[in-house]
Amino acid sequence: MFRATPRIWDISQRIGTSTPLWPGEPPVRLSRRAEISSDCPVNVGALTLGLHTGTHADAPLHYSNAGAASADTQLAPYIGPCVVADVRGCHARVEIGDCDWDTLAGAQRVLFRTYERFPYGHWDENFAAIAPEVVARLREGGALLIGTDTPSLDPQNSKTMDTHKEVLRGDMRILEGLVLDDISAGEYELISLPLAIEGGDASPVRAVLRELL
Ligand SMILES: N[C@@H](CC(=O)c1ccccc1NC=O)C(=O)O
Ligand SMILES: [Zn+2]
Ligand SMILES: [Zn+2]
């Protein structure tokens, strides 16, 4: 019997020394703790990186002291049907008017593509944020997760984190730093699991989209 293999798109950044970093974040460092030699049969590495480096899932603990850490969040929001919304025409924020609400009605997971091309190799301080009103409307439609190809749902200089707060109100989950350059607007299956980091306010994820057959 013939069974089609669904296509898989990797929507994650590579983690390395040229991964764009939130200002002030520690550099990514991979060190070799052991190397293959006549005395040692294996290579063993150790990694240093900020938890919001590259493609990552914010844990509720990032924006609330009462929120769950990465190790303690349910995984269901991170796996399942998902809509990719093309909002490349947006300006400083993705606003209600930038969204095609016919395709977003009832969506459980929504990923926003704001970039024409992901800013590989440099930090873009003028990335597009998402308006809290957009999050509120998605929450009313039953959304569990919101993702973006930028480093944050709120502007870099935000002190109030209004959009993250709106997410908290609906107990939704957040993905940031996605790479959606090769992804057309439409429906997919999302798979993007955070690591079970105890006390973690975020975790790197390997995020993929799978074709719906
Ligand atoms: N808002 C960003 C991250 C963030 O706020 C941040 C990440 C690393 C170091 C400092 C940060 N914010 C500091 O003011 C995020 O949601 O991932
Ligand atoms: Zn983050
Ligand atoms: Zn965030």
# chains A, B, ... in the order shown; residues from 1 in each chain; ligands from 1
>>> select_by_dssp(residues="range 46-122 of chain A", states="alpha helix (DSSP H)", output="number ranges by chain")
A: 101-104
>>> residues_near_ligand(ligand="ligand 1", cutoff="9 Å", atoms="only C-alpha atoms and all ligand atoms", output="JSON, numbers by chain")
{"A": [21, 22, 23, 24, 25, 50, 51, 52, 53, 56, 57, 58, 62, 63, 151, 152, 153, 154, 155, 156, 157, 158, 159, 161, 164, 174, 175, 176, 177, 202]}
>>> closest_residue(among="A:Arg14, A:Arg113, A:Arg137, A:Arg32", to="Asp149 in chain A", atoms="only C-alpha atoms")
A:Arg113
>>> residues_around(residues="range 64-67 of chain A", least_positions_apart="2", cutoff="12 Å", atoms="only C-alpha atoms", output="ChimeraX atom specification")
/A:58-62,69-73,160-161,164-169,171-173,199-202
>>> select_by_dssp(residues="range 3-185 of chain A", states="strand (DSSP E)", output="PyMOL selection string")
chain A and resi 8-10+29-34+44-48+56-58+79-86+93-94+109-113+129-130+145-148+173-176
>>> closest_residue(among="A:Thr55, A:Gly142, A:Leu213, A:Leu75", to="Asp10 in chain A", atoms="only C-alpha atoms")
A:Thr55
>>> atom_distance(atom1="CA of Arg29 in chain A", atom2="CA of Val42 in chain A")
19.4 Å
>>> atom_distance(atom1="CA of Leu104 in chain A", atom2="CA of Val84 in chain A")
9.0 Å
>>> residues_around(residues="Arg210 in chain A", least_positions_apart="4", cutoff="9 Å", atoms="only C-alpha atoms", output="PyMOL selection string")
chain A and resi 6-10+188-191
>>> write_last_selection(atoms="all heavy atoms", output="PDB file, in the first residue's frame")
ATOM      1  N   PRO A   6       4.660  12.968   4.511  1.00  0.00           N
ATOM      2  CA  PRO A   6       4.442  14.413   4.577  1.00  0.00           C
ATOM      3  C   PRO A   6       5.758  15.190   4.539  1.00  0.00           C
ATOM      4  O   PRO A   6       6.763  14.732   5.088  1.00  0.00           O
ATOM      5  CB  PRO A   6       3.730  14.617   5.922  1.00  0.00           C
ATOM      6  CG  PRO A   6       3.901  13.353   6.680  1.00  0.00           C
ATOM      7  CD  PRO A   6       4.247  12.268   5.730  1.00  0.00           C
ATOM      8  N   ARG A   7       5.755  16.342   3.886  1.00  0.00           N
ATOM      9  CA  ARG A   7       6.934  17.216   3.847  1.00  0.00           C
ATOM     10  C   ARG A   7       7.156  17.832   5.219  1.00  0.00           C
ATOM     11  O   ARG A   7       6.198  18.115   5.942  1.00  0.00           O
ATOM     12  CB  ARG A   7       6.678  18.353   2.858  1.00  0.00           C
ATOM     13  CG  ARG A   7       7.588  18.338   1.670  1.00  0.00           C
ATOM     14  CD  ARG A   7       7.339  19.558   0.807  1.00  0.00           C
ATOM     15  NE  ARG A   7       8.472  20.463   0.928  1.00  0.00           N
ATOM     16  CZ  ARG A   7       8.587  21.568   0.214  1.00  0.00           C
ATOM     17  NH1 ARG A   7       7.638  21.934  -0.625  1.00  0.00           N
ATOM     18  NH2 ARG A   7       9.653  22.341   0.355  1.00  0.00           N
ATOM     19  N   ILE A   8       8.405  18.042   5.554  1.00  0.00           N
ATOM     20  CA  ILE A   8       8.739  18.695   6.822  1.00  0.00           C
ATOM     21  C   ILE A   8       9.607  19.912   6.524  1.00  0.00           C
ATOM     22  O   ILE A   8      10.571  19.824   5.761  1.00  0.00           O
ATOM     23  CB  ILE A   8       9.505  17.722   7.748  1.00  0.00           C
ATOM     24  CG1 ILE A   8       8.568  16.600   8.203  1.00  0.00           C
ATOM     25  CG2 ILE A   8      10.082  18.452   8.958  1.00  0.00           C
ATOM     26  CD1 ILE A   8       9.239  15.530   9.030  1.00  0.00           C
ATOM     27  N   TRP A   9       9.236  21.049   7.099  1.00  0.00           N
ATOM     28  CA  TRP A   9      10.040  22.272   6.980  1.00  0.00           C
ATOM     29  C   TRP A   9      10.648  22.602   8.339  1.00  0.00           C
ATOM     30  O   TRP A   9       9.924  22.701   9.337  1.00  0.00           O
ATOM     31  CB  TRP A   9       9.171  23.466   6.558  1.00  0.00           C
ATOM     32  CG  TRP A   9       8.627  23.398   5.178  1.00  0.00           C
ATOM     33  CD1 TRP A   9       9.207  23.923   4.049  1.00  0.00           C
ATOM     34  CD2 TRP A   9       7.389  22.817   4.760  1.00  0.00           C
ATOM     35  NE1 TRP A   9       8.387  23.696   2.956  1.00  0.00           N
ATOM     36  CE2 TRP A   9       7.277  23.024   3.368  1.00  0.00           C
ATOM     37  CE3 TRP A   9       6.360  22.141   5.422  1.00  0.00           C
ATOM     38  CZ2 TRP A   9       6.175  22.578   2.632  1.00  0.00           C
ATOM     39  CZ3 TRP A   9       5.277  21.682   4.696  1.00  0.00           C
ATOM     40  CH2 TRP A   9       5.194  21.907   3.322  1.00  0.00           C
ATOM     41  N   ASP A  10      11.949  22.795   8.371  1.00  0.00           N
ATOM     42  CA  ASP A  10      12.615  23.246   9.598  1.00  0.00           C
ATOM     43  C   ASP A  10      12.438  24.759   9.680  1.00  0.00           C
ATOM     44  O   ASP A  10      12.837  25.482   8.765  1.00  0.00           O
ATOM     45  CB  ASP A  10      14.106  22.874   9.516  1.00  0.00           C
ATOM     46  CG  ASP A  10      14.840  23.143  10.810  1.00  0.00           C
ATOM     47  OD1 ASP A  10      14.250  23.730  11.736  1.00  0.00           O
ATOM     48  OD2 ASP A  10      16.028  22.762  10.881  1.00  0.00           O
ATOM     49  N   TYR A 188      -0.725  23.919   8.591  1.00  0.00           N
ATOM     50  CA  TYR A 188       0.322  22.918   8.783  1.00  0.00           C
ATOM     51  C   TYR A 188       0.087  22.245  10.129  1.00  0.00           C
ATOM     52  O   TYR A 188      -0.771  22.661  10.904  1.00  0.00           O
ATOM     53  CB  TYR A 188       1.704  23.588   8.825  1.00  0.00           C
ATOM     54  CG  TYR A 188       2.061  24.393   7.604  1.00  0.00           C
ATOM     55  CD1 TYR A 188       1.651  25.729   7.474  1.00  0.00           C
ATOM     56  CD2 TYR A 188       2.803  23.826   6.581  1.00  0.00           C
ATOM     57  CE1 TYR A 188       1.982  26.474   6.347  1.00  0.00           C
ATOM     58  CE2 TYR A 188       3.137  24.565   5.440  1.00  0.00           C
ATOM     59  CZ  TYR A 188       2.723  25.886   5.336  1.00  0.00           C
ATOM     60  OH  TYR A 188       3.050  26.608   4.220  1.00  0.00           O
ATOM     61  N   GLU A 189       0.961  21.252  10.403  1.00  0.00           N
ATOM     62  CA  GLU A 189       1.074  20.738  11.770  1.00  0.00           C
ATOM     63  C   GLU A 189       2.358  21.300  12.356  1.00  0.00           C
ATOM     64  O   GLU A 189       3.419  21.252  11.711  1.00  0.00           O
ATOM     65  CB  GLU A 189       1.129  19.204  11.762  1.00  0.00           C
ATOM     66  CG  GLU A 189       1.254  18.632  13.161  1.00  0.00           C
ATOM     67  CD  GLU A 189       1.483  17.122  13.191  1.00  0.00           C
ATOM     68  OE1 GLU A 189       1.809  16.544  12.138  1.00  0.00           O
ATOM     69  OE2 GLU A 189       1.355  16.537  14.266  1.00  0.00           O
ATOM     70  N   LEU A 190       2.286  21.855  13.549  1.00  0.00           N
ATOM     71  CA  LEU A 190       3.459  22.404  14.239  1.00  0.00           C
ATOM     72  C   LEU A 190       3.979  21.392  15.256  1.00  0.00           C
ATOM     73  O   LEU A 190       3.201  20.780  15.989  1.00  0.00           O
ATOM     74  CB  LEU A 190       3.067  23.682  14.985  1.00  0.00           C
ATOM     75  CG  LEU A 190       4.116  24.261  15.944  1.00  0.00           C
ATOM     76  CD1 LEU A 190       5.262  24.905  15.169  1.00  0.00           C
ATOM     77  CD2 LEU A 190       3.477  25.270  16.888  1.00  0.00           C
ATOM     78  N   ILE A 191       5.307  21.261  15.312  1.00  0.00           N
ATOM     79  CA  ILE A 191       5.945  20.454  16.350  1.00  0.00           C
ATOM     80  C   ILE A 191       7.143  21.265  16.842  1.00  0.00           C
ATOM     81  O   ILE A 191       8.042  21.577  16.057  1.00  0.00           O
ATOM     82  CB  ILE A 191       6.415  19.089  15.810  1.00  0.00           C
ATOM     83  CG1 ILE A 191       5.244  18.337  15.160  1.00  0.00           C
ATOM     84  CG2 ILE A 191       7.042  18.254  16.927  1.00  0.00           C
ATOM     85  CD1 ILE A 191       5.656  17.171  14.288  1.00  0.00           C
TER      86      ILE A 191
END
>>> decode(residues="range 114-160 of chain A", atoms="C-alpha atoms", output="PDB file, in the first residue's frame")
ATOM      1  CA  THR A 114       6.730  39.579   9.350  1.00  0.00           C
ATOM      2  CA  TYR A 115      10.082  39.307   7.551  1.00  0.00           C
ATOM      3  CA  GLU A 116      10.652  39.212   3.831  1.00  0.00           C
ATOM      4  CA  ARG A 117      13.997  37.618   4.722  1.00  0.00           C
ATOM      5  CA  PHE A 118      15.159  36.611   8.198  1.00  0.00           C
ATOM      6  CA  PRO A 119      18.021  38.907   9.405  1.00  0.00           C
ATOM      7  CA  TYR A 120      20.718  36.254   9.563  1.00  0.00           C
ATOM      8  CA  GLY A 121      23.998  37.384  11.081  1.00  0.00           C
ATOM      9  CA  HIS A 122      22.844  40.651  12.650  1.00  0.00           C
ATOM     10  CA  TRP A 123      20.472  41.940  15.310  1.00  0.00           C
ATOM     11  CA  ASP A 124      17.426  43.856  13.992  1.00  0.00           C
ATOM     12  CA  GLU A 125      16.376  46.268  16.737  1.00  0.00           C
ATOM     13  CA  ASN A 126      13.379  47.508  14.759  1.00  0.00           C
ATOM     14  CA  PHE A 127      11.597  44.169  14.527  1.00  0.00           C
ATOM     15  CA  ALA A 128       7.801  44.178  14.294  1.00  0.00           C
ATOM     16  CA  ALA A 129       5.889  43.562  17.525  1.00  0.00           C
ATOM     17  CA  ILE A 130       2.378  42.095  17.754  1.00  0.00           C
ATOM     18  CA  ALA A 131      -0.439  44.341  19.023  1.00  0.00           C
ATOM     19  CA  PRO A 132      -2.103  43.074  22.237  1.00  0.00           C
ATOM     20  CA  GLU A 133      -5.470  43.426  20.472  1.00  0.00           C
ATOM     21  CA  VAL A 134      -4.401  40.751  17.990  1.00  0.00           C
ATOM     22  CA  VAL A 135      -3.547  38.375  20.839  1.00  0.00           C
ATOM     23  CA  ALA A 136      -6.865  39.145  22.562  1.00  0.00           C
ATOM     24  CA  ARG A 137      -8.809  38.350  19.408  1.00  0.00           C
ATOM     25  CA  LEU A 138      -6.910  35.102  18.833  1.00  0.00           C
ATOM     26  CA  ARG A 139      -7.545  34.124  22.438  1.00  0.00           C
ATOM     27  CA  GLU A 140     -11.274  34.739  21.996  1.00  0.00           C
ATOM     28  CA  GLY A 141     -11.089  32.322  19.063  1.00  0.00           C
ATOM     29  CA  GLY A 142      -9.511  29.669  21.285  1.00  0.00           C
ATOM     30  CA  ALA A 143      -5.818  30.019  20.356  1.00  0.00           C
ATOM     31  CA  LEU A 144      -3.301  28.113  22.496  1.00  0.00           C
ATOM     32  CA  LEU A 145      -0.052  29.418  21.022  1.00  0.00           C
ATOM     33  CA  ILE A 146       1.287  32.451  19.166  1.00  0.00           C
ATOM     34  CA  GLY A 147       4.551  32.491  17.270  1.00  0.00           C
ATOM     35  CA  THR A 148       6.568  35.114  15.444  1.00  0.00           C
ATOM     36  CA  ASP A 149       9.682  35.298  13.270  1.00  0.00           C
ATOM     37  CA  THR A 150      10.933  38.247  15.370  1.00  0.00           C
ATOM     38  CA  PRO A 151      12.772  38.078  18.734  1.00  0.00           C
ATOM     39  CA  SER A 152       9.761  39.171  20.807  1.00  0.00           C
ATOM     40  CA  LEU A 153       5.998  39.815  20.768  1.00  0.00           C
ATOM     41  CA  ASP A 154       6.699  43.238  22.353  1.00  0.00           C
ATOM     42  CA  PRO A 155       9.060  45.945  21.075  1.00  0.00           C
ATOM     43  CA  GLN A 156      12.684  45.662  22.170  1.00  0.00           C
ATOM     44  CA  ASN A 157      12.437  48.719  24.441  1.00  0.00           C
ATOM     45  CA  SER A 158       9.111  47.737  26.070  1.00  0.00           C
ATOM     46  CA  LYS A 159       9.040  48.043  29.844  1.00  0.00           C
ATOM     47  CA  THR A 160       5.403  46.966  30.158  1.00  0.00           C
TER      48      THR A 160
END
